[in-house]
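As stored in entry_39.txt (compact mmCIF, C-alpha atoms):
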# COMPACT_ATOMS: atom_id res chain seq x y z
CA MET A 1 0.00 0.00 0.00
CA ALA A 2 1.24 3.41 -0.79
CA ARG A 3 0.86 4.58 2.75
CA ASN A 4 3.07 1.87 4.06
CA GLY A 5 5.60 2.69 1.44
CA VAL A 6 5.69 6.25 2.57
CA ALA A 7 5.77 5.41 6.23
CA SER A 8 8.64 3.05 5.77
CA TRP A 9 10.78 5.92 4.53
CA ARG A 10 10.33 7.71 7.76
CA ARG A 11 11.54 4.71 9.66
CA ARG A 12 14.51 4.44 7.39
CA SER A 13 15.36 8.06 7.33
CA SER A 14 17.24 8.00 10.59
CA ASP A 15 19.78 5.54 9.32
CA GLN A 16 19.83 6.98 5.86
CA PHE A 17 22.96 8.96 6.52
CA ASP A 18 24.90 5.93 7.58
CA ASP A 19 23.78 4.01 4.61
CA PRO A 20 26.09 4.36 1.64
CA SER A 21 23.46 3.34 -0.85
CA PRO A 22 21.29 6.33 -1.57
CA CYS A 23 18.03 4.47 -1.58
CA GLY A 24 18.53 2.72 1.68
CA SER A 25 19.28 -0.84 2.53
CA GLU A 26 15.71 -1.85 1.85
CA ASP A 27 15.25 -1.60 -1.82
CA VAL A 28 13.22 1.36 -2.88
CA HIS A 29 11.08 0.53 -5.84
CA VAL A 30 10.90 3.21 -8.48
CA LEU A 31 8.54 3.22 -11.42
CA ALA A 32 10.16 5.06 -14.32
CA VAL A 33 8.00 6.24 -17.19
CA ASP A 34 9.54 7.47 -20.44
CA ASP A 35 8.68 6.86 -24.06
CA SER A 36 12.29 7.30 -25.14
CA LEU A 37 14.29 4.11 -25.29
CA VAL A 38 17.56 5.88 -24.63
CA ASP A 39 16.23 7.86 -21.70
CA ARG A 40 14.64 4.79 -20.18
CA LYS A 41 17.96 3.02 -20.24
CA VAL A 42 19.75 5.96 -18.70
CA ILE A 43 17.26 6.57 -15.91
CA GLU A 44 17.02 2.88 -15.21
CA HIS A 45 20.75 2.64 -14.81
CA LEU A 46 21.01 5.79 -12.74
CA LEU A 47 18.47 4.37 -10.34
CA LYS A 48 19.99 0.91 -10.27
CA ILE A 49 23.42 2.11 -9.36
CA SER A 50 21.75 4.12 -6.64
CA SER A 51 20.50 0.79 -5.31
CA CYS A 52 16.92 1.16 -6.32
CA LYS A 53 14.70 -1.47 -7.78
CA VAL A 54 13.42 -0.17 -11.07
CA THR A 55 10.43 -0.91 -13.24
CA ALA A 56 10.60 1.02 -16.49
CA VAL A 57 7.57 1.46 -18.71
CA ASP A 58 7.15 3.38 -21.91
CA SER A 59 3.83 5.12 -21.39
CA GLY A 60 1.49 6.65 -18.86
CA ILE A 61 -1.12 4.03 -19.66
CA ARG A 62 1.28 1.23 -18.87
CA ALA A 63 2.27 3.02 -15.72
CA LEU A 64 -1.34 3.15 -14.58
CA GLN A 65 -1.78 -0.48 -15.46
CA PHE A 66 1.25 -1.37 -13.42
CA LEU A 67 -0.07 0.66 -10.52
CA GLY A 68 -3.32 -1.17 -10.73
CA LEU A 69 -5.26 1.85 -11.77
CA ASP A 70 -6.82 1.08 -15.07
CA GLU A 71 -10.44 0.64 -15.97
CA GLU A 72 -10.34 -3.10 -15.73
CA LYS A 73 -9.00 -3.21 -12.24
CA ALA A 74 -10.42 -1.60 -9.16
CA ALA A 75 -8.27 1.01 -7.57
CA GLY A 76 -6.32 -0.61 -4.82
CA ASP A 77 -5.98 -3.88 -6.64
CA PHE A 78 -2.22 -3.80 -6.78
CA ASN A 79 -0.13 -6.30 -8.58
CA GLY A 80 1.70 -6.81 -5.32
CA LEU A 81 4.71 -4.64 -5.98
CA LYS A 82 4.73 -1.56 -3.86
CA VAL A 83 5.98 1.53 -5.64
CA ASP A 84 7.86 4.08 -3.59
CA LEU A 85 8.47 6.70 -6.22
CA ILE A 86 7.29 7.48 -9.71
CA ILE A 87 9.55 9.34 -12.06
CA THR A 88 8.04 10.31 -15.35
CA ASP A 89 8.88 12.18 -18.50
CA TYR A 90 6.63 15.12 -19.25
CA CYS A 91 6.42 14.93 -23.02
CA MET A 92 4.98 11.62 -24.04
CA PRO A 93 2.53 10.74 -26.77
CA GLY A 94 -0.87 9.64 -25.58
CA MET A 95 -0.82 10.56 -21.94
CA THR A 96 1.63 13.24 -20.89
CA GLY A 97 3.52 13.07 -17.63
CA TYR A 98 1.30 15.85 -16.35
CA GLU A 99 -1.83 13.86 -17.08
CA LEU A 100 -0.30 10.84 -15.42
CA LEU A 101 0.53 12.96 -12.40
CA LYS A 102 -3.04 14.17 -12.18
CA LYS A 103 -4.45 10.68 -12.39
CA ILE A 104 -2.15 9.52 -9.63
CA LYS A 105 -3.01 12.42 -7.36
CA GLU A 106 -6.70 11.92 -8.01
CA SER A 107 -6.48 8.35 -6.84
CA SER A 108 -6.95 7.82 -3.14
CA ALA A 109 -4.88 4.68 -3.36
CA LEU A 110 -1.94 6.21 -5.15
CA ARG A 111 -1.81 9.88 -4.29
CA GLU A 112 0.71 9.42 -1.52
CA ILE A 113 3.31 8.12 -3.92
CA PRO A 114 5.70 10.93 -4.74
CA VAL A 115 5.90 11.80 -8.39
CA VAL A 116 8.88 13.42 -10.04
CA ILE A 117 8.63 14.96 -13.49
CA MET A 118 11.47 15.04 -16.00
CA SER A 119 11.54 17.30 -18.99
CA SER A 120 14.00 18.43 -21.58
CA GLU A 121 12.21 21.76 -21.76
CA ASN A 122 12.92 24.21 -19.02
CA VAL A 123 9.62 26.04 -19.10
CA LEU A 124 8.84 27.63 -15.77
CA ALA A 125 5.11 27.71 -16.34
CA ARG A 126 5.24 23.99 -16.90
CA ILE A 127 7.32 23.41 -13.81
CA ASP A 128 4.89 25.45 -11.74
CA ARG A 129 1.94 23.60 -13.11
CA CYS A 130 3.42 20.24 -12.23
CA LEU A 131 4.39 21.30 -8.77
CA GLU A 132 0.97 22.74 -8.14
CA GLU A 133 -0.54 19.49 -9.19
CA GLY A 134 1.50 17.77 -6.50
CA ALA A 135 4.75 16.76 -8.14
CA GLU A 136 7.59 16.46 -5.68
CA ASP A 137 10.28 17.60 -7.98
CA PHE A 138 11.04 18.58 -11.50
CA ILE A 139 14.24 17.48 -13.17
CA VAL A 140 15.53 19.09 -16.31
CA LYS A 141 16.96 16.57 -18.71
CA PRO A 142 19.44 15.23 -19.40
CA VAL A 143 19.26 13.47 -16.07
CA LYS A 144 22.50 13.13 -14.17
CA LEU A 145 23.62 11.13 -11.20
CA SER A 146 23.45 14.27 -9.06
CA ASP A 147 19.73 14.53 -9.87
CA VAL A 148 19.13 11.01 -8.63
CA LYS A 149 21.17 11.75 -5.52
CA ARG A 150 18.97 14.74 -4.89
CA LEU A 151 15.92 12.51 -5.07
CA ARG A 152 17.43 10.60 -2.21
CA ASP A 153 17.32 13.75 -0.14
CA PHE A 154 13.63 14.22 -0.37
CA MET A 155 12.98 10.54 0.03
CA THR A 156 14.52 10.83 3.46
CA ARG A 157 12.71 14.02 4.27
CA ASP A 158 9.75 13.77 6.61
CA VAL A 159 6.62 13.20 4.64
CA GLY A 160 4.87 15.94 6.56
CA ASP A 161 7.18 18.50 5.04
CA ARG A 162 5.84 17.89 1.62
CA VAL A 163 3.49 20.75 1.13
CA ARG A 164 1.17 21.05 -1.75
CA SER A 165 1.41 24.43 -3.24
CA ASP A 166 -1.36 26.72 -2.15
CA GLY A 167 0.36 29.58 -3.78
CA GLU A 168 3.41 28.94 -1.62
CA GLY A 169 6.03 27.23 -3.65
CA THR A 170 7.95 24.87 -1.48
CA THR A 171 9.80 21.83 -2.56
CA HIS A 172 10.91 22.72 -5.99
CA LYS A 173 13.45 25.49 -5.78
CA ARG A 174 16.67 23.62 -5.26
CA LYS A 175 16.15 21.54 -8.31
CA LEU A 176 15.93 24.53 -10.54
CA GLN A 177 19.01 26.08 -9.11
CA GLU A 178 21.07 22.98 -9.28
CA SER A 179 19.91 21.38 -12.40
CA SER A 180 19.48 24.34 -14.60
CA ASP A 181 20.85 27.78 -14.89
CA VAL A 182 17.56 29.27 -13.91
CA SER A 183 16.90 31.00 -10.65
CA SER A 184 14.34 29.41 -8.46
CA SER A 185 11.89 30.30 -5.81
CA SER A 186 13.00 33.69 -4.58
CA PRO A 187 12.02 36.08 -7.29
CA SER A 188 14.51 38.59 -6.05
CA VAL A 189 17.42 36.26 -6.54
CA SER A 190 18.75 36.04 -10.01
CA SER A 191 20.83 33.03 -10.76
CA ALA A 192 24.50 33.78 -10.81
CA SER A 193 25.20 31.38 -13.59
CA SER A 194 22.66 32.88 -15.85
CA SER A 195 24.17 36.27 -16.17
CA SER A 196 22.15 36.90 -19.25
CA SER A 197 19.28 38.14 -17.22
CA SER A 198 18.09 39.99 -20.23
CA SER A 199 15.34 38.59 -22.27
CA LEU A 200 17.50 36.21 -24.22
CA PRO A 201 16.15 32.72 -24.09
CA THR A 202 18.46 30.33 -22.32
CA THR A 203 18.76 26.67 -23.00
CA PRO A 204 18.76 24.40 -20.01
CA SER A 205 21.78 22.39 -20.97
CA ARG A 206 25.02 23.01 -19.24
CA SER A 207 27.10 22.77 -22.34
CA PRO A 208 27.57 25.69 -24.64
CA SER A 209 24.98 25.55 -27.31
CA PRO A 210 23.40 28.16 -29.46
CA SER A 211 20.19 29.62 -28.21
CA PRO A 212 17.22 28.41 -30.11
CA SER A 213 16.00 31.03 -32.49
CA VAL A 214 12.70 31.38 -30.76
CA SER A 215 10.90 34.51 -29.85
CA LEU A 216 10.54 34.93 -26.13
CA SER A 217 7.23 36.67 -26.37
CA GLU A 218 5.63 33.80 -28.17
CA PRO A 219 3.25 32.15 -25.77
CA SER A 220 3.87 28.52 -25.28
CA SER A 221 0.91 26.33 -25.73
CA PRO A 222 1.93 22.77 -25.15
CA SER A 223 -1.56 21.58 -24.56
CA PRO A 224 -2.16 18.18 -23.10
CA SER A 225 -1.79 15.66 -25.81
CA THR A 226 -4.80 15.03 -27.91
CA GLY A 227 -3.24 11.80 -28.97
CA SER A 228 -1.99 13.29 -32.18
CA SER A 229 1.60 13.71 -33.09
CA GLY A 230 3.71 16.31 -31.45
CA PRO A 231 2.40 16.25 -27.92
CA CYS A 232 4.59 19.07 -26.84
CA SER A 233 5.58 22.22 -28.56
CA PRO A 234 7.03 24.34 -25.85
CA SER A 235 8.38 27.19 -27.79
CA SER A 236 9.10 29.80 -25.22
CA LEU A 237 11.83 29.68 -22.69
CA GLU A 238 11.38 32.29 -20.05
CA SER A 239 14.30 34.18 -18.67
CA PRO A 240 15.06 33.50 -15.03
CA THR A 241 13.94 36.87 -13.83
CA ARG A 242 10.50 36.56 -15.29
CA ARG A 243 9.28 33.98 -12.93
CA LEU A 244 5.94 35.57 -12.28
CA LYS A 245 2.95 33.52 -13.22
CA MET A 246 2.17 34.96 -16.58
CA THR A 247 -1.12 33.48 -17.50
CA SER A 248 -0.60 34.15 -21.15
CA CYS A 249 2.34 31.82 -21.13
CA CYS A 250 0.80 29.13 -19.06
CA ASP A 251 0.37 25.84 -20.71
CA MET B 1 47.73 -6.93 -28.98
CA PRO B 2 51.34 -7.72 -28.06
CA ARG B 3 51.77 -10.63 -25.71
CA PHE B 4 54.63 -10.90 -23.31
CA HIS B 5 56.11 -13.79 -21.38
CA GLY B 6 55.25 -14.02 -17.77
CA GLN B 7 52.60 -11.37 -18.07
CA SER B 8 49.06 -12.48 -18.45
CA ASN B 9 47.74 -10.19 -21.16
CA HIS B 10 49.60 -7.27 -19.72
CA ALA B 11 51.47 -5.24 -22.24
CA PRO B 12 54.40 -3.20 -21.06
CA VAL B 13 53.37 -0.14 -19.15
CA ASP B 14 54.48 2.24 -21.85
CA ILE B 15 52.25 0.58 -24.40
CA VAL B 16 49.27 0.94 -22.08
CA ASN B 17 50.25 4.51 -21.35
CA GLN B 18 50.47 5.26 -25.02
CA LEU B 19 47.07 3.75 -25.71
CA GLN B 20 45.64 5.69 -22.83
CA LYS B 21 47.16 8.91 -24.04
CA GLN B 22 45.83 8.38 -27.53
CA TYR B 23 42.43 7.71 -26.05
CA VAL B 24 42.46 10.84 -23.93
CA ASP B 25 43.61 12.91 -26.89
CA TYR B 26 40.89 11.49 -29.09
CA LEU B 27 38.15 11.95 -26.54
CA SER B 28 39.37 15.47 -25.80
CA SER B 29 39.17 16.32 -29.46
CA LEU B 30 35.58 15.14 -29.55
CA PHE B 31 34.73 17.49 -26.71
CA HIS B 32 36.75 20.24 -28.26
CA GLU B 33 34.98 19.91 -31.59
CA GLY B 34 31.65 19.93 -29.84
CA VAL B 35 30.73 16.45 -30.99
CA LEU B 36 30.24 15.40 -27.39
CA ASP B 37 29.39 17.32 -24.27
CA ASP B 38 29.58 16.72 -20.55
CA GLN B 39 26.59 14.42 -20.52
CA PHE B 40 28.74 11.81 -22.24
CA THR B 41 31.18 11.95 -19.36
CA GLN B 42 28.24 11.58 -17.00
CA LEU B 43 27.32 8.34 -18.73
CA GLN B 44 30.87 7.06 -18.61
CA LYS B 45 30.89 7.64 -14.89
CA LEU B 46 27.92 5.33 -14.57
CA GLN B 47 29.85 2.42 -15.90
CA ASP B 48 30.96 -0.02 -13.27
CA GLU B 49 31.92 -3.65 -12.86
CA SER B 50 28.34 -4.79 -12.98
CA ASN B 51 27.66 -2.69 -16.06
CA PRO B 52 30.95 -2.56 -17.93
CA ASP B 53 29.36 -1.90 -21.29
CA PHE B 54 26.83 0.69 -20.28
CA THR B 55 28.08 3.46 -22.53
CA VAL B 56 28.31 1.17 -25.52
CA GLU B 57 24.81 -0.10 -24.85
CA VAL B 58 23.33 3.35 -24.58
CA ALA B 59 25.13 4.46 -27.73
CA THR B 60 23.82 1.41 -29.56
CA LEU B 61 20.29 2.18 -28.47
CA PHE B 62 20.75 5.74 -29.62
CA PHE B 63 21.73 4.71 -33.12
CA VAL B 64 18.86 2.26 -33.40
CA ASP B 65 16.53 5.01 -32.24
CA SER B 66 18.01 7.74 -34.43
CA ASP B 67 17.93 5.57 -37.54
CA LYS B 68 14.26 4.93 -36.98
CA LEU B 69 13.48 8.57 -36.30
CA ILE B 70 15.45 9.79 -39.31
CA ASN B 71 13.60 7.35 -41.54
CA ASN B 72 10.31 8.59 -40.12
CA MET B 73 11.27 12.19 -40.78
CA ALA B 74 12.32 11.40 -44.33
CA ALA B 75 9.05 9.61 -44.98
CA ALA B 76 7.01 12.43 -43.48
CA LEU B 77 8.81 14.98 -45.60
CA GLU B 78 8.08 12.99 -48.71
CA ARG B 79 4.38 12.96 -48.11
CA SER B 80 2.09 15.53 -49.54
CA PRO B 81 1.10 17.61 -47.73
CA VAL B 82 3.95 17.45 -45.26
CA ASP B 83 2.86 16.89 -41.70
CA PHE B 84 5.29 19.27 -40.01
CA LYS B 85 3.88 18.45 -36.61
CA GLN B 86 4.85 14.85 -37.08
CA VAL B 87 8.33 15.75 -38.26
CA ASP B 88 8.66 18.08 -35.30
CA ALA B 89 7.63 15.34 -32.91
CA ASP B 90 10.32 13.05 -34.30
CA VAL B 91 12.94 15.79 -34.17
CA HIS B 92 11.92 16.47 -30.59
CA GLN B 93 12.52 12.82 -29.77
CA LEU B 94 15.90 12.84 -31.44
CA LYS B 95 16.83 16.02 -29.68
CA GLY B 96 15.96 14.39 -26.39
CA SER B 97 17.91 11.23 -26.89
CA SER B 98 20.94 12.99 -28.35
CA SER B 99 20.92 15.26 -25.35
CA SER B 100 20.78 12.26 -23.05
CA ILE B 101 23.90 10.70 -24.49
CA GLY B 102 25.81 13.94 -24.84
CA ALA B 103 25.69 14.12 -28.63
CA MET B 104 25.87 17.87 -28.66
CA ARG B 105 26.17 18.56 -32.37
CA VAL B 106 23.23 16.33 -33.18
CA LYS B 107 21.21 17.99 -30.45
CA ASN B 108 21.99 21.47 -31.74
CA LEU B 109 21.06 20.49 -35.26
CA CYS B 110 17.74 19.27 -33.90
CA ILE B 111 17.11 22.64 -32.30
CA THR B 112 17.56 24.34 -35.65
CA PHE B 113 15.52 21.63 -37.33
CA ARG B 114 12.62 22.28 -34.96
CA SER B 115 12.52 25.94 -35.82
CA PHE B 116 12.17 25.03 -39.50
CA CYS B 117 9.33 22.70 -38.58
CA GLU B 118 7.67 25.52 -36.72
CA THR B 119 7.90 27.85 -39.69
CA GLN B 120 6.97 24.95 -41.94
CA SER B 121 9.92 25.50 -44.17
CA TYR B 122 10.22 22.48 -46.43
CA GLU B 123 13.66 23.34 -47.78
CA GLY B 124 14.94 24.14 -44.33
CA CYS B 125 13.72 20.79 -43.09
CA LEU B 126 15.32 18.90 -45.94
CA ILE B 127 18.64 20.56 -45.32
CA CYS B 128 18.44 19.87 -41.62
CA LEU B 129 17.49 16.27 -42.23
CA GLN B 130 20.57 15.77 -44.35
CA GLN B 131 22.75 17.45 -41.77
CA VAL B 132 21.34 15.34 -38.98
CA LYS B 133 21.88 12.20 -41.02
CA ASN B 134 25.48 13.15 -41.68
CA GLU B 135 26.14 14.11 -38.14
CA CYS B 136 24.76 10.86 -36.78
CA ALA B 137 26.96 8.94 -39.20
CA VAL B 138 30.01 10.92 -38.11
CA LEU B 139 29.13 10.37 -34.46
CA LYS B 140 28.70 6.67 -34.97
CA ASP B 141 32.07 6.45 -36.63
CA LYS B 142 33.81 8.41 -33.90
CA LEU B 143 32.19 6.50 -31.08
CA GLN B 144 33.13 3.23 -32.72
CA ASN B 145 36.71 4.45 -32.80
CA LEU B 146 36.48 5.47 -29.20
CA PHE B 147 35.03 2.19 -28.02
CA ARG B 148 37.62 0.27 -29.99
CA MET B 149 40.35 2.23 -28.28
CA GLU B 150 38.77 1.39 -24.94
CA GLN B 151 38.84 -2.27 -25.82
CA GLN B 152 42.49 -2.03 -26.77
CA ILE B 153 43.39 -0.45 -23.48
CA VAL B 154 41.50 -3.04 -21.49
CA GLY B 155 42.90 -5.81 -23.64
CA ALA B 156 46.39 -4.54 -22.89
CA GLY B 157 45.63 -4.76 -19.20
CA GLY B 158 45.08 -1.09 -18.60
CA SER B 159 42.07 0.85 -17.45
CA VAL B 160 40.16 3.41 -19.43
CA PRO B 161 40.91 6.93 -18.20
CA LEU B 162 37.93 9.00 -17.23
CA MET B 163 37.78 12.58 -18.35
CA ASP B 164 37.15 15.24 -15.76
Starting from the file, give its structure as structure tokens.
Amino acid sequence: MARNGVASWRRRSSDQFDDPSPCGSEDVHVLAVDDSLVDRKVIEHLLKISSCKVTAVDSGIRALQFLGLDEEKAAGDFNGLKVDLIITDYCMPGMTGYELLKKIKESSALREIPVVIMSSENVLARIDRCLEEGAEDFIVKPVKLSDVKRLRDFMTRDVGDRVRSDGEGTTHKRKLQESSDVSSSSPSVSSASSSSSSSLPTTPSRSPSPSPSVSLSEPSSPSPSTGSSGPCSPSSLESPTRRLKMTSCCD
Amino acid sequence: MPRFHGQSNHAPVDIVNQLQKQYVDYLSSLFHEGVLDDQFTQLQKLQDESNPDFTVEVATLFFVDSDKLINNMAAALERSPVDFKQVDADVHQLKGSSSSIGAMRVKNLCITFRSFCETQSYEGCLICLQQVKNECAVLKDKLQNLFRMEQQIVGAGGSVPLMD
């Protein structure tokens, strides 16, 4: 049961620091969801070498099936394998990671399972939306070992600290600061690494790469997938200093 | 690989050193030319005794994936009318996976490619497709060289140096 899974972290958290394996001596079971073959392999390996048990699926639908939450099964009818964490890609055909997140949080049986979103697109409006929907964390791809290590941190954190955003952003800031060159929660702090605080779009990758020739003012409208091709077309990358919720840019 | 008496598959130290140096030089040049970026190093760091071929495996998956995506793009561009959304979706996928393995030049080409999809520029897309194809072929070639050099080092009894 999800509740037990969550509670067991609390018990483990006290010896987490002594434990060299990030996920604890008891295997943490992570469900990884990504339609990309390459990314699935990478995330699977990252988690495995962090001593986690991994189940990798290629779609939100399969994830829900694995969690026992599809139409044919009653909610709560688990296949017996407790899932401690769900990490999902955002952009997927069919059901996006956001839609998967919503379904999980809407389920009384599953909502306690922390969900982490991964995305190659560093769109703040998207990040906010996911966090508001209850995501624990948002990782900008490509995923690195340090990202997985960071997941360990919040897995050891007291469950009670996880606050759903009621307008107060809470758990997400660090990730933005560490994983991307974008400043995070405090609007007054501009990221040191992103000295181009002007309106130039910045790419999330750490390596030097040319900025995409995209207009900043173009509103992004990556609507939830209608099942057609091209589920995501996030075309605007907001500069770090414009972190206000600009409804025109919201997905 | 040279074999020496009394040494089980261990070439003299200077041979190993030379192989290692050649490897480091080659890998450095790939970073320098922008073919690879830091993410590739990240992947190499994930290799361990229980997964000694991780980087090779990921690279192999990438080429299987990219071949498929490139074929899809080519097919989509040949249709009339061209479904630019579909092409864009495939380019987006390729951009993602190239980013995940540290194939920086391929990734950057995909970024440009996407902007041509957005403006629905047929010529632009064709040019980008050709460039992406070429770049993937170049990458494959270079990675094969790199992995072969790794095998030579290990075969000579040395260990593969990890870039910082």
Report summary line: Using only C-alpha atoms, the residue out of A:Met118, A:Leu124, A:Met95, A:Val54 with shortest distance to chain B is A:Met118
I'd like a table as JSON lines: residues in chain B with an atom no more than 8 Å from chain A, each row giving the shortest atom pair and its distance in Å to one decimal, all atoms listed in the file counted, sorted by chain and rising residue number.
{"residue": "B:Asp37", "atom": "CA", "partner": "A:Ser207", "partner_atom": "CA", "distance": 6.2}
{"residue": "B:Asp38", "atom": "CA", "partner": "A:Ser207", "partner_atom": "CA", "distance": 6.8}
{"residue": "B:Gln39", "atom": "CA", "partner": "A:Pro142", "partner_atom": "CA", "distance": 7.3}
{"residue": "B:Gln42", "atom": "CA", "partner": "A:Lys144", "partner_atom": "CA", "distance": 6.6}
{"residue": "B:Leu43", "atom": "CA", "partner": "A:Val42", "partner_atom": "CA", "distance": 7.9}
{"residue": "B:Leu46", "atom": "CA", "partner": "A:Leu46", "partner_atom": "CA", "distance": 7.2}
{"residue": "B:Val58", "atom": "CA", "partner": "A:Val38", "partner_atom": "CA", "distance": 6.3}
{"residue": "B:Leu61", "atom": "CA", "partner": "A:Val38", "partner_atom": "CA", "distance": 6.0}
{"residue": "B:Phe62", "atom": "CA", "partner": "A:Val38", "partner_atom": "CA", "distance": 5.9}
{"residue": "B:Asp65", "atom": "CA", "partner": "A:Leu37", "partner_atom": "CA", "distance": 7.4}
{"residue": "B:Lys85", "atom": "CA", "partner": "A:Gly230", "partner_atom": "CA", "distance": 5.6}
{"residue": "B:Gln86", "atom": "CA", "partner": "A:Ser229", "partner_atom": "CA", "distance": 5.3}
{"residue": "B:Asp88", "atom": "CA", "partner": "A:Gly230", "partner_atom": "CA", "distance": 6.5}
{"residue": "B:Ala89", "atom": "CA", "partner": "A:Gly230", "partner_atom": "CA", "distance": 4.3}
{"residue": "B:Asp90", "atom": "CA", "partner": "A:Gly230", "partner_atom": "CA", "distance": 7.9}
{"residue": "B:Gln93", "atom": "CA", "partner": "A:Ser36", "partner_atom": "CA", "distance": 7.2}
{"residue": "B:Gly96", "atom": "CA", "partner": "A:Ser120", "partner_atom": "CA", "distance": 6.6}
{"residue": "B:Ser97", "atom": "CA", "partner": "A:Val38", "partner_atom": "CA", "distance": 5.8}
{"residue": "B:Ser99", "atom": "CA", "partner": "A:Pro142", "partner_atom": "CA", "distance": 6.1}
{"residue": "B:Ser100", "atom": "CA", "partner": "A:Pro142", "partner_atom": "CA", "distance": 4.9}
{"residue": "B:Ile101", "atom": "CA", "partner": "A:Val38", "partner_atom": "CA", "distance": 8.0}
{"residue": "B:Met104", "atom": "CA", "partner": "A:Ser209", "partner_atom": "CA", "distance": 7.8}
{"residue": "B:Asn108", "atom": "CA", "partner": "A:Ser209", "partner_atom": "CA", "distance": 6.7}
{"residue": "B:Ile111", "atom": "CA", "partner": "A:Pro212", "partner_atom": "CA", "distance": 6.2}
{"residue": "B:Thr112", "atom": "CA", "partner": "A:Pro212", "partner_atom": "CA", "distance": 6.9}
{"residue": "B:Ser115", "atom": "CA", "partner": "A:Ser213", "partner_atom": "CA", "distance": 7.0}
Query raised in the report: Distance CA of Glu132 (chain A)-CA of Glu44 (chain A), one decimal place?
Result: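 Pair CA of Glu132 (chain A) / CA of Glu44 (chain A) returns 26.5 Å.
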Query - All residues 6 Å or closer to Val30 (chain A), only C-alpha atoms, same chain fewer than 5 positions away omitted, as a ChimeraX atom specification - result: /A:54,83-86
Would you mind exporting C-alpha atoms of the selected residues as a PDB file, in the coordinates of the input?
ATOM      1  CA  VAL A  54      13.420  -0.170 -11.070  1.00  0.00           C
ATOM      2  CA  VAL A  83       5.980   1.530  -5.640  1.00  0.00           C
ATOM      3  CA  ASP A  84       7.860   4.080  -3.590  1.00  0.00           C
ATOM      4  CA  LEU A  85       8.470   6.700  -6.220  1.00  0.00           C
ATOM      5  CA  ILE A  86       7.290   7.480  -9.710  1.00  0.00           C
TER       6      ILE A  86
END
Query raised in the report: Which value, in Å to one decimal, gives the distance between CA of Cys136 (chain B) and CA of Asp48 (chain B)?
Result: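 Distance between the two atoms: 26.6 Å.
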Query - Straight-line distance linking CA of Ile117 (chain A) with CA of Ala63 (chain A), stated in Å to one decimal - result: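 Atom-to-atom, CA of Ile117 (chain A) to CA of Ala63 (chain A), that is 13.7 Å.
In terms of minimum interatomic distance to Gln44 (chain B), B:Val56 ranks closest within B:Ala137, B:Val64, B:Ala11, B:Val56, counting all atoms listed in the file.
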Using the file's own x, y and z axes, so that the box edges lie along x, y and z, what centre and edge lengths in Å (one decimal) does a box around every listed atom of region 81-99 of chain A get when 5 Å is added on each side? Give it as AutoDock Vina command-line options.
--center_x 3.9 --center_y 5.6 --center_z -15.2 --size_x 21.4 --size_y 30.5 --size_z 33.2
Leu162 (chain B): which residues within 9 Å, counting all atoms listed in the file, same-chain residues fewer than 3 positions away excluded, as a PDB file with C-alpha atoms, in the frame of the given file?
ATOM      1  CA  VAL B  24      42.460  10.840 -23.930  1.00  0.00           C
ATOM      2  CA  THR B  41      31.180  11.950 -19.360  1.00  0.00           C
ATOM      3  CA  GLN B  44      30.870   7.060 -18.610  1.00  0.00           C
ATOM      4  CA  LYS B  45      30.890   7.640 -14.890  1.00  0.00           C
TER       5      LYS B  45
END
Requested in this report: Dig up all the protein and nucleic acid residues within 9 Å of (15.7, 9.1, -36.1) in the file frame, using all atoms listed in the file, and format them as a list in words.
Outcome: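 Output: Phe62, Phe63, Val64, Asp65, Ser66, Asp67, Lys68, Leu69, Ile70, Asn71, Asn72, Met73, Asp90, Val91, Gln93, Leu94, Val132 and Lys133 of chain B.
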